[in-house]
>>> print(open('upload-v5.pdb').read())   # PDB, C-alpha atoms and all ligand atoms
ATOM      1  CA  MET M   1      -5.206   6.457  22.412
ATOM      2  CA  ALA M   2      -7.072   3.161  21.933
ATOM      3  CA  LEU M   3      -7.137   1.269  18.670
ATOM      4  CA  VAL M   4      -9.582  -1.465  17.714
ATOM      5  CA  VAL M   5      -9.780  -3.833  14.767
ATOM      6  CA  ARG M   6     -13.320  -4.133  13.476
ATOM      7  CA  PRO M   7     -15.250  -4.555  10.221
ATOM      8  CA  SER M   8     -14.542  -1.853   7.658
ATOM      9  CA  ARG M   9     -16.734  -0.610   4.799
ATOM     10  CA  ILE M  10     -13.552  -0.541   2.668
ATOM     11  CA  HIS M  11     -12.323  -4.116   3.114
ATOM     12  CA  ALA M  12     -12.878  -6.907   5.662
ATOM     13  CA  ALA M  13     -11.341  -5.600   8.907
ATOM     14  CA  GLY M  14      -9.709  -2.228   9.512
ATOM     15  CA  VAL M  15      -8.206  -0.267  12.387
ATOM     16  CA  PHE M  16     -10.242   2.406  14.155
ATOM     17  CA  THR M  17      -9.355   4.855  16.872
ATOM     18  CA  THR M  18     -11.774   5.133  19.785
ATOM     19  CA  THR M  19     -10.279   8.464  20.877
ATOM     20  CA  PRO M  20      -9.266  11.619  18.962
ATOM     21  CA  VAL M  21      -5.724  11.657  17.556
ATOM     22  CA  ARG M  22      -3.769  14.872  16.961
ATOM     23  CA  LYS M  23      -2.022  15.546  13.649
ATOM     24  CA  GLY M  24       1.586  14.339  13.769
ATOM     25  CA  THR M  25       1.002  11.726  16.478
ATOM     26  CA  ARG M  26       3.046   8.552  16.149
ATOM     27  CA  ILE M  27       0.231   5.996  16.364
ATOM     28  CA  VAL M  28       1.686   2.512  16.102
ATOM     29  CA  GLU M  29       4.654   0.626  14.705
ATOM     30  CA  TYR M  30       4.327  -1.528  11.595
ATOM     31  CA  CYS M  31       5.884  -4.601  13.237
ATOM     32  CA  GLY M  32       6.727  -8.041  11.962
ATOM     33  CA  PRO M  33       9.486 -10.363  10.846
ATOM     34  CA  ARG M  34      11.878  -8.948   8.267
ATOM     35  CA  ILE M  35      12.206 -10.842   5.009
ATOM     36  CA  THR M  36      13.750 -10.145   1.608
ATOM     37  CA  PRO M  37      11.690  -9.007  -1.407
ATOM     38  CA  GLU M  38      12.461 -12.399  -3.008
ATOM     39  CA  GLU M  39      11.066 -14.257   0.028
ATOM     40  CA  ALA M  40       7.994 -12.010  -0.040
ATOM     41  CA  ASP M  41       7.427 -12.871  -3.714
ATOM     42  CA  ARG M  42       7.906 -16.556  -3.043
ATOM     43  CA  LEU M  43       5.534 -16.579  -0.071
ATOM     44  CA  TYR M  44       2.815 -14.246  -1.290
ATOM     45  CA  THR M  45       2.654 -14.030  -5.105
ATOM     46  CA  GLY M  46      -1.027 -14.457  -5.984
ATOM     47  CA  ALA M  47      -2.198 -14.094  -2.352
ATOM     48  CA  PRO M  48      -5.558 -12.294  -2.190
ATOM     49  CA  ARG M  49      -4.303 -10.049   0.594
ATOM     50  CA  THR M  50      -0.922  -9.352   2.108
ATOM     51  CA  TYR M  51       0.471  -7.493   5.117
ATOM     52  CA  LEU M  52       3.787  -6.438   3.606
ATOM     53  CA  TYR M  53       5.681  -3.159   3.916
ATOM     54  CA  GLY M  54       8.834  -2.548   1.873
ATOM     55  CA  LEU M  55      11.418  -0.409   3.661
ATOM     56  CA  ASP M  56      13.155   2.409   1.749
ATOM     57  CA  ASP M  57      16.399   0.394   1.697
ATOM     58  CA  GLY M  58      14.827  -1.715  -1.078
ATOM     59  CA  LYS M  59      16.075  -4.956   0.447
ATOM     60  CA  THR M  60      13.861  -5.399   3.497
ATOM     61  CA  VAL M  61      10.173  -6.249   3.631
ATOM     62  CA  ILE M  62       8.253  -6.304   6.916
ATOM     63  CA  ASP M  63       5.852  -9.239   6.979
ATOM     64  CA  GLY M  64       3.329  -7.399   9.120
ATOM     65  CA  HIS M  65       1.983  -8.849  12.332
ATOM     66  CA  GLY M  66      -0.122  -6.961  14.849
ATOM     67  CA  ILE M  67      -2.459  -4.017  14.656
ATOM     68  CA  GLY M  68      -0.164  -1.748  12.605
ATOM     69  CA  ALA M  69      -0.411  -4.130   9.677
ATOM     70  CA  TYR M  70      -4.221  -4.097   9.675
ATOM     71  CA  LEU M  71      -4.738  -0.570   8.356
ATOM     72  CA  ASN M  72      -6.575  -0.427   5.048
ATOM     73  CA  HIS M  73      -5.593   1.726   2.082
ATOM     74  CA  SER M  74      -7.191   5.023   1.059
ATOM     75  CA  CYS M  75      -6.384   7.378  -1.818
ATOM     76  CA  ASP M  76      -7.261  10.214   0.608
ATOM     77  CA  PRO M  77      -5.579   8.914   3.774
ATOM     78  CA  ASN M  78      -5.540  10.281   7.312
ATOM     79  CA  CYS M  79      -2.249   8.505   8.137
ATOM     80  CA  GLU M  80       1.130   7.885   6.558
ATOM     81  CA  VAL M  81       3.953   5.440   7.200
ATOM     82  CA  ASP M  82       7.334   6.969   7.926
ATOM     83  CA  GLU M  83      10.623   5.286   8.652
ATOM     84  CA  ILE M  84      12.788   6.107  11.628
ATOM     85  CA  LYS M  85      16.103   4.279  11.929
ATOM     86  CA  ASN M  86      14.944   1.444   9.692
ATOM     87  CA  ARG M  87      11.661   0.975  11.561
ATOM     88  CA  ALA M  88       8.246   1.840  10.110
ATOM     89  CA  PHE M  89       5.685   3.840  12.091
ATOM     90  CA  ILE M  90       2.192   5.074  11.324
ATOM     91  CA  PHE M  91       1.671   8.805  11.875
ATOM     92  CA  ALA M  92      -1.494  10.925  11.785
ATOM     93  CA  LEU M  93      -1.518  13.205   8.721
ATOM     94  CA  ARG M  94      -4.297  15.339  10.218
ATOM     95  CA  ASP M  95      -6.425  15.528  13.344
ATOM     96  CA  ILE M  96      -8.499  12.328  13.421
ATOM     97  CA  GLY M  97     -11.830  12.056  15.232
ATOM     98  CA  ALA M  98     -12.897   9.280  17.624
ATOM     99  CA  GLY M  99     -14.464   6.418  15.661
ATOM    100  CA  GLU M 100     -12.638   7.141  12.387
ATOM    101  CA  GLU M 101     -10.917   4.375  10.479
ATOM    102  CA  LEU M 102      -7.151   4.818  10.203
ATOM    103  CA  LEU M 103      -6.021   4.667   6.575
ATOM    104  CA  TRP M 104      -2.796   5.142   4.672
ATOM    105  CA  ASP M 105      -1.968   5.274   0.977
ATOM    106  CA  TYR M 106      -0.235   1.973   0.162
ATOM    107  CA  ASN M 107       1.217   3.420  -3.089
ATOM    108  CA  LEU M 108       1.875  -0.131  -4.289
ATOM    109  CA  TYR M 109       4.543  -0.772  -6.926
ATOM    110  CA  ASP M 110       6.620  -3.538  -8.500
ATOM    111  CA  ASP M 111       3.724  -5.750  -9.558
ATOM    112  CA  ASP M 112       1.028  -5.889 -12.184
ATOM    113  CA  ASP M 113      -1.621  -8.020 -10.508
ATOM    114  CA  PRO M 114      -4.867  -6.041 -10.365
ATOM    115  CA  ALA M 115      -5.226  -4.100  -7.109
ATOM    116  CA  PRO M 116      -8.555  -2.265  -7.384
ATOM    117  CA  CYS M 117      -9.251   0.269  -4.658
ATOM    118  CA  HIS M 118     -12.569   0.450  -2.841
ATOM    119  CA  CYS M 119     -11.739   3.376  -0.565
ATOM    120  CA  GLY M 120     -14.812   5.301  -1.747
ATOM    121  CA  SER M 121     -13.093   8.674  -1.588
ATOM    122  CA  PRO M 122     -13.939  11.296  -4.264
ATOM    123  CA  LYS M 123     -10.162  11.351  -4.823
ATOM    124  CA  CYS M 124     -10.013   7.569  -5.417
ATOM    125  CA  ARG M 125      -7.656   6.713  -8.281
ATOM    126  CA  GLY M 126      -9.254   3.263  -8.671
ATOM    127  CA  THR M 127      -6.139   1.329  -7.730
ATOM    128  CA  MET M 128      -3.879   0.861  -4.719
ATOM    129  CA  TYR M 129      -0.815   1.260  -6.976
ATOM    130  CA  SER M 130       0.998   4.603  -6.936
ATOM    131  CA  ARG M 131       0.434   7.129  -9.753
ATOM    132  CA  GLU M 132       4.096   6.738 -10.761
ATOM    133  CA  TRP M 133       3.821   2.961 -10.986
ATOM    134  CA  MET M 134       0.571   3.166 -13.015
ATOM    135  CA  ALA M 135       2.264   5.595 -15.436
ATOM    136  CA  LYS M 136       5.156   3.134 -15.799
ATOM    137  CA  LEU M 137       2.736   0.254 -16.541
ATOM    138  CA  ARG M 138       0.936   2.408 -19.134
ATOM    139  CA  ARG M 139       4.250   3.270 -20.856
ATOM    140  CA  LYS M 140       5.207  -0.425 -20.883
ATOM    141  CA  ALA M 141       1.829  -1.419 -22.391
ATOM    142  CA  ALA M 142       2.064   1.317 -25.068
ATOM    143  CA  LYS M 143       5.578   0.148 -26.028
ATOM    144  CA  LYS M 144       4.385  -3.463 -26.282
ATOM    145  CA  LYS M 145       1.407  -2.411 -28.439
ATOM    146  CA  ALA M 146       3.638  -0.354 -30.771
ATOM    147  CA  LYS M 147       6.080  -3.268 -31.077
ATOM    148  CA  SER M 148       3.376  -5.819 -31.974
ATOM    149  CA  LYS M 149       1.822  -3.337 -34.479
ATOM    150  CA  LYS M 150       5.199  -2.914 -36.155
ATOM    151  CA  GLN M 151       5.691  -6.690 -36.343
ATOM    152  CA  SER M 152       2.261  -7.200 -37.958
ATOM    153  CA  GLU M 153       2.842  -4.528 -40.638
ATOM    154  CA  PRO M 154       3.784  -5.846 -44.091
ATOM    155  CA  GLN M 155       7.542  -5.487 -44.713
ATOM    156  CA  SER M 156       8.450  -3.253 -47.683
ATOM    157  CA  ALA M 157      11.106  -4.565 -50.063
TER     158      ALA M 157
HETATM  159  C1  LIG I   1      -2.850  -5.128   5.312
HETATM  160  S1  LIG I   1      -4.333  -5.872   4.748
HETATM  161  C2  LIG I   1      -5.478  -4.774   5.478
HETATM  162  C3  LIG I   1      -6.374  -5.505   6.433
HETATM  163  C4  LIG I   1      -7.464  -6.301   5.721
HETATM  164  N1  LIG I   1      -8.613  -5.438   5.502
HETATM  165  C5  LIG I   1      -7.867  -7.532   6.514
HETATM  166  O1  LIG I   1      -8.997  -7.623   6.983
HETATM  167  O2  LIG I   1      -7.042  -8.445   6.669
HETATM  168  C6  LIG I   1      -4.163  -5.393   3.087
HETATM  169  C7  LIG I   1      -5.215  -5.991   2.183
HETATM  170  O3  LIG I   1      -6.488  -5.394   2.450
HETATM  171  C8  LIG I   1      -7.189  -5.170   1.242
HETATM  172  N2  LIG I   1      -7.440  -3.711   1.112
HETATM  173  C9  LIG I   1      -6.961  -2.742   1.912
HETATM  174  N3  LIG I   1      -7.385  -1.531   1.517
HETATM  175  C10 LIG I   1      -8.153  -1.732   0.430
HETATM  176  C11 LIG I   1      -8.848  -0.853  -0.464
HETATM  177  N4  LIG I   1      -8.850   0.471  -0.303
HETATM  178  N5  LIG I   1      -9.511  -1.411  -1.507
HETATM  179  C12 LIG I   1      -9.517  -2.749  -1.695
HETATM  180  N6  LIG I   1      -8.880  -3.635  -0.886
HETATM  181  C13 LIG I   1      -8.204  -3.137   0.168
HETATM  182  C14 LIG I   1      -6.326  -5.708   0.117
HETATM  183  O4  LIG I   1      -6.711  -7.045  -0.132
HETATM  184  C15 LIG I   1      -4.937  -5.690   0.717
HETATM  185  O5  LIG I   1      -4.085  -6.666   0.158
HETATM  186 ZN    ZN I   2      -9.066   4.682  -3.590
END
>>> encode(input="upload-v5.pdb", output="structure tokens")
Amino acid sequence: MALVVRPSRIHAAGVFTTTPVRKGTRIVEYCGPRITPEEADRLYTGAPRTYLYGLDDGKTVIDGHGIGAYLNHSCDPNCEVDEIKNRAFIFALRDIGAGEELLWDYNLYDDDDPAPCHCGSPKCRGTMYSREWMAKLRRKAAKKKAKSKKQSEPQSA
């Protein structure tokens, strides 16, 4: 399998395979220095793009370096990231043809900066955040709205 980084119609540069990839293939590791979520916030809050991957342990973030960190996001991905022994690898979710861009669903969370998605898929949810996280943000906004409405209502004696 040969991977190349080249311009993507989704965003800047993306990763493409020049040969077919079979479903289930372990494609590449998401490598990079390991930092804490606090360090990641300190280094990258407000950055227009990041290369971060949060491990399931909730206390480790990989500050991606190398080709594995260059995959763009899609709401209808052909890859996924799975962890094996505390390391993150990109796997093919289906058979992928030569020339296709490799894409995974970032399912972002823990932030409320806008993260609009330009994947172009008919299944696009319009954001790179996960459905669960978007639902949480909507609940938070509704609570805030209800609270400010209550505060602006005249108090009865
Ligand atoms: C890991 S980088 C991916 C590589 C990036 N395209 C580059 O050229 O450096 C992640 C960043 O790419 C951008 N990105 C990736 N997928 C995207 C998408 N579907 N829609 C909009 N921006 C996307 C976002 O800015 C995100 O923070
Ligand atoms: Zn999308």
>>> residues_near_ligand(input="upload-v5.pdb", ligand="ligand ZN 2 (chain I)", cutoff="8 Å", atoms="all atoms listed in the file", output="PyMOL selection string")
chain M and resi 73-76+116-121+123-128
>>> atom_distance(input="upload-v5.pdb", atom1="atom C15 of ligand LIG 1 (chain I)", atom2="atom CA of M:Ser130")
14.1 Å
>>> residues_near_ligand(input="upload-v5.pdb", ligand="ligand LIG 1 (chain I)", cutoff="10 Å", atoms="all atoms listed in the file", output="PyMOL selection string")
chain M and resi 5-15+47-53+63-65+67-77+103-106+108+115-121+124+126-128
>>> closest_residue(input="upload-v5.pdb", among="M:Ala142, M:Val28, M:Val4, M:Leu55", to="M:Arg87", atoms="only C-alpha atoms")
M:Leu55
>>> residues_around(input="upload-v5.pdb", residues="M:Thr36", least_positions_apart="3", cutoff="9 Å", atoms="only C-alpha atoms", output="list in words")
Glu39, Ala40, Asp41, Gly58, Lys59, Thr60, Val61 and Ile62 of chain M
>>> write_last_selection(input="upload-v5.pdb", atoms="C-alpha atoms", output="mmCIF file, keeping the file's coordinate frame")
data_model
loop_
_atom_site.group_PDB
_atom_site.id
_atom_site.type_symbol
_atom_site.label_atom_id
_atom_site.label_comp_id
_atom_site.auth_asym_id
_atom_site.auth_seq_id
_atom_site.Cartn_x
_atom_site.Cartn_y
_atom_site.Cartn_z
ATOM 1 C CA GLU M 39 11.066 -14.257 0.028
ATOM 2 C CA ALA M 40 7.994 -12.010 -0.040
ATOM 3 C CA ASP M 41 7.427 -12.871 -3.714
ATOM 4 C CA GLY M 58 14.827 -1.715 -1.078
ATOM 5 C CA LYS M 59 16.075 -4.956 0.447
ATOM 6 C CA THR M 60 13.861 -5.399 3.497
ATOM 7 C CA VAL M 61 10.173 -6.249 3.631
ATOM 8 C CA ILE M 62 8.253 -6.304 6.916
#
>>> atom_distance(input="upload-v5.pdb", atom1="atom CA of M:Ile90", atom2="atom CA of M:Asp111")
23.6 Å
>>> atom_distance(input="upload-v5.pdb", atom1="atom CA of M:Glu101", atom2="atom CA of M:Leu43")
28.7 Å
>>> residues_near_point(input="upload-v5.pdb", point="(-1.5, 17.2, 12.6)", cutoff="6 Å", atoms="all atoms listed in the file", output="list in words")
Arg22, Lys23, Gly24, Leu93, Arg94 and Asp95 of chain M
>>> write_last_selection(input="upload-v5.pdb", atoms="C-alpha atoms", output="mmCIF file, in the frame of the given file")
data_model
loop_
_atom_site.group_PDB
_atom_site.id
_atom_site.type_symbol
_atom_site.label_atom_id
_atom_site.label_comp_id
_atom_site.auth_asym_id
_atom_site.auth_seq_id
_atom_site.Cartn_x
_atom_site.Cartn_y
_atom_site.Cartn_z
ATOM 1 C CA ARG M 22 -3.769 14.872 16.961
ATOM 2 C CA LYS M 23 -2.022 15.546 13.649
ATOM 3 C CA GLY M 24 1.586 14.339 13.769
ATOM 4 C CA LEU M 93 -1.518 13.205 8.721
ATOM 5 C CA ARG M 94 -4.297 15.339 10.218
ATOM 6 C CA ASP M 95 -6.425 15.528 13.344
#
>>> closest_residue(input="upload-v5.pdb", among="M:Leu102, M:Glu29, M:Asn107, M:Ile96", to="M:Ile84", atoms="all atoms listed in the file")
M:Glu29
>>> closest_residue(input="upload-v5.pdb", among="M:Lys85, M:Gly66, M:Cys79, M:Trp133", to="M:Gly32", atoms="all atoms listed in the file")
M:Gly66
>>> build_atoms(input="upload-v5.pdb", residues="stretch 77-88 of chain M", atoms="all heavy atoms", output="PDB file, in the frame of the given file")
ATOM      1  N   PRO M  77      -5.827   9.513   2.448  1.00  0.00           N
ATOM      2  CA  PRO M  77      -5.579   8.914   3.774  1.00  0.00           C
ATOM      3  C   PRO M  77      -5.542   9.937   4.910  1.00  0.00           C
ATOM      4  O   PRO M  77      -5.323  11.124   4.681  1.00  0.00           O
ATOM      5  CB  PRO M  77      -4.190   8.295   3.593  1.00  0.00           C
ATOM      6  CG  PRO M  77      -3.526   9.156   2.584  1.00  0.00           C
ATOM      7  CD  PRO M  77      -4.599   9.645   1.651  1.00  0.00           C
ATOM      8  N   ASN M  78      -5.727   9.416   6.137  1.00  0.00           N
ATOM      9  CA  ASN M  78      -5.540  10.281   7.312  1.00  0.00           C
ATOM     10  C   ASN M  78      -4.244   9.917   8.052  1.00  0.00           C
ATOM     11  O   ASN M  78      -3.912  10.516   9.064  1.00  0.00           O
ATOM     12  CB  ASN M  78      -6.749  10.216   8.254  1.00  0.00           C
ATOM     13  CG  ASN M  78      -7.134   8.792   8.630  1.00  0.00           C
ATOM     14  OD1 ASN M  78      -6.337   7.864   8.444  1.00  0.00           O
ATOM     15  ND2 ASN M  78      -8.339   8.610   9.155  1.00  0.00           N
ATOM     16  N   CYS M  79      -3.526   8.914   7.532  1.00  0.00           N
ATOM     17  CA  CYS M  79      -2.249   8.505   8.137  1.00  0.00           C
ATOM     18  C   CYS M  79      -1.200   8.309   7.048  1.00  0.00           C
ATOM     19  O   CYS M  79      -1.533   8.216   5.861  1.00  0.00           O
ATOM     20  CB  CYS M  79      -2.412   7.162   8.862  1.00  0.00           C
ATOM     21  SG  CYS M  79      -3.478   7.234  10.296  1.00  0.00           S
ATOM     22  N   GLU M  80       0.046   8.242   7.481  1.00  0.00           N
ATOM     23  CA  GLU M  80       1.130   7.885   6.558  1.00  0.00           C
ATOM     24  C   GLU M  80       2.110   6.997   7.321  1.00  0.00           C
ATOM     25  O   GLU M  80       2.125   7.002   8.555  1.00  0.00           O
ATOM     26  CB  GLU M  80       1.854   9.130   6.036  1.00  0.00           C
ATOM     27  CG  GLU M  80       2.585   9.892   7.104  1.00  0.00           C
ATOM     28  CD  GLU M  80       3.304  11.122   6.574  1.00  0.00           C
ATOM     29  OE1 GLU M  80       3.371  11.294   5.341  1.00  0.00           O
ATOM     30  OE2 GLU M  80       3.797  11.909   7.412  1.00  0.00           O
ATOM     31  N   VAL M  81       2.913   6.247   6.555  1.00  0.00           N
ATOM     32  CA  VAL M  81       3.953   5.440   7.200  1.00  0.00           C
ATOM     33  C   VAL M  81       5.279   6.142   6.963  1.00  0.00           C
ATOM     34  O   VAL M  81       5.597   6.513   5.832  1.00  0.00           O
ATOM     35  CB  VAL M  81       3.995   4.004   6.618  1.00  0.00           C
ATOM     36  CG1 VAL M  81       5.073   3.186   7.321  1.00  0.00           C
ATOM     37  CG2 VAL M  81       2.646   3.325   6.793  1.00  0.00           C
ATOM     38  N   ASP M  82       6.011   6.345   8.023  1.00  0.00           N
ATOM     39  CA  ASP M  82       7.334   6.969   7.926  1.00  0.00           C
ATOM     40  C   ASP M  82       8.353   6.065   8.590  1.00  0.00           C
ATOM     41  O   ASP M  82       8.026   5.366   9.554  1.00  0.00           O
ATOM     42  CB  ASP M  82       7.338   8.312   8.663  1.00  0.00           C
ATOM     43  CG  ASP M  82       7.136   9.459   7.699  1.00  0.00           C
ATOM     44  OD1 ASP M  82       7.268   9.231   6.476  1.00  0.00           O
ATOM     45  OD2 ASP M  82       6.827  10.564   8.178  1.00  0.00           O
ATOM     46  N   GLU M  83       9.568   6.131   8.086  1.00  0.00           N
ATOM     47  CA  GLU M  83      10.623   5.286   8.652  1.00  0.00           C
ATOM     48  C   GLU M  83      11.526   6.099   9.578  1.00  0.00           C
ATOM     49  O   GLU M  83      11.905   7.213   9.236  1.00  0.00           O
ATOM     50  CB  GLU M  83      11.454   4.680   7.524  1.00  0.00           C
ATOM     51  CG  GLU M  83      10.650   3.664   6.749  1.00  0.00           C
ATOM     52  CD  GLU M  83      11.422   3.029   5.612  1.00  0.00           C
ATOM     53  OE1 GLU M  83      12.658   2.914   5.721  1.00  0.00           O
ATOM     54  OE2 GLU M  83      10.775   2.674   4.620  1.00  0.00           O
ATOM     55  N   ILE M  84      11.827   5.511  10.704  1.00  0.00           N
ATOM     56  CA  ILE M  84      12.788   6.107  11.628  1.00  0.00           C
ATOM     57  C   ILE M  84      13.782   5.015  11.977  1.00  0.00           C
ATOM     58  O   ILE M  84      13.384   3.959  12.508  1.00  0.00           O
ATOM     59  CB  ILE M  84      12.111   6.657  12.906  1.00  0.00           C
ATOM     60  CG1 ILE M  84      11.069   7.715  12.538  1.00  0.00           C
ATOM     61  CG2 ILE M  84      13.144   7.232  13.871  1.00  0.00           C
ATOM     62  CD1 ILE M  84      10.239   8.207  13.714  1.00  0.00           C
ATOM     63  N   LYS M  85      15.047   5.258  11.640  1.00  0.00           N
ATOM     64  CA  LYS M  85      16.103   4.279  11.929  1.00  0.00           C
ATOM     65  C   LYS M  85      15.696   2.874  11.503  1.00  0.00           C
ATOM     66  O   LYS M  85      15.730   1.926  12.298  1.00  0.00           O
ATOM     67  CB  LYS M  85      16.480   4.300  13.413  1.00  0.00           C
ATOM     68  CG  LYS M  85      17.107   5.612  13.814  1.00  0.00           C
ATOM     69  CD  LYS M  85      17.607   5.564  15.215  1.00  0.00           C
ATOM     70  CE  LYS M  85      18.218   6.903  15.586  1.00  0.00           C
ATOM     71  NZ  LYS M  85      18.236   7.168  16.984  1.00  0.00           N
ATOM     72  N   ASN M  86      15.252   2.758  10.256  1.00  0.00           N
ATOM     73  CA  ASN M  86      14.944   1.444   9.692  1.00  0.00           C
ATOM     74  C   ASN M  86      13.731   0.754  10.331  1.00  0.00           C
ATOM     75  O   ASN M  86      13.572  -0.451  10.204  1.00  0.00           O
ATOM     76  CB  ASN M  86      16.183   0.544   9.796  1.00  0.00           C
ATOM     77  CG  ASN M  86      16.345  -0.282   8.536  1.00  0.00           C
ATOM     78  OD1 ASN M  86      15.979   0.171   7.454  1.00  0.00           O
ATOM     79  ND2 ASN M  86      16.856  -1.483   8.670  1.00  0.00           N
ATOM     80  N   ARG M  87      12.913   1.528  11.038  1.00  0.00           N
ATOM     81  CA  ARG M  87      11.661   0.975  11.561  1.00  0.00           C
ATOM     82  C   ARG M  87      10.516   1.801  10.978  1.00  0.00           C
ATOM     83  O   ARG M  87      10.683   2.996  10.720  1.00  0.00           O
ATOM     84  CB  ARG M  87      11.635   1.059  13.096  1.00  0.00           C
ATOM     85  CG  ARG M  87      12.609   0.080  13.726  1.00  0.00           C
ATOM     86  CD  ARG M  87      12.811   0.392  15.207  1.00  0.00           C
ATOM     87  NE  ARG M  87      11.616   0.154  16.011  1.00  0.00           N
ATOM     88  CZ  ARG M  87      11.530   0.478  17.302  1.00  0.00           C
ATOM     89  NH1 ARG M  87      12.542   1.053  17.928  1.00  0.00           N
ATOM     90  NH2 ARG M  87      10.427   0.235  17.977  1.00  0.00           N
ATOM     91  N   ALA M  88       9.373   1.154  10.753  1.00  0.00           N
ATOM     92  CA  ALA M  88       8.246   1.840  10.110  1.00  0.00           C
ATOM     93  C   ALA M  88       7.160   2.148  11.153  1.00  0.00           C
ATOM     94  O   ALA M  88       6.789   1.272  11.951  1.00  0.00           O
ATOM     95  CB  ALA M  88       7.683   0.955   9.013  1.00  0.00           C
TER      96      ALA M  88
END
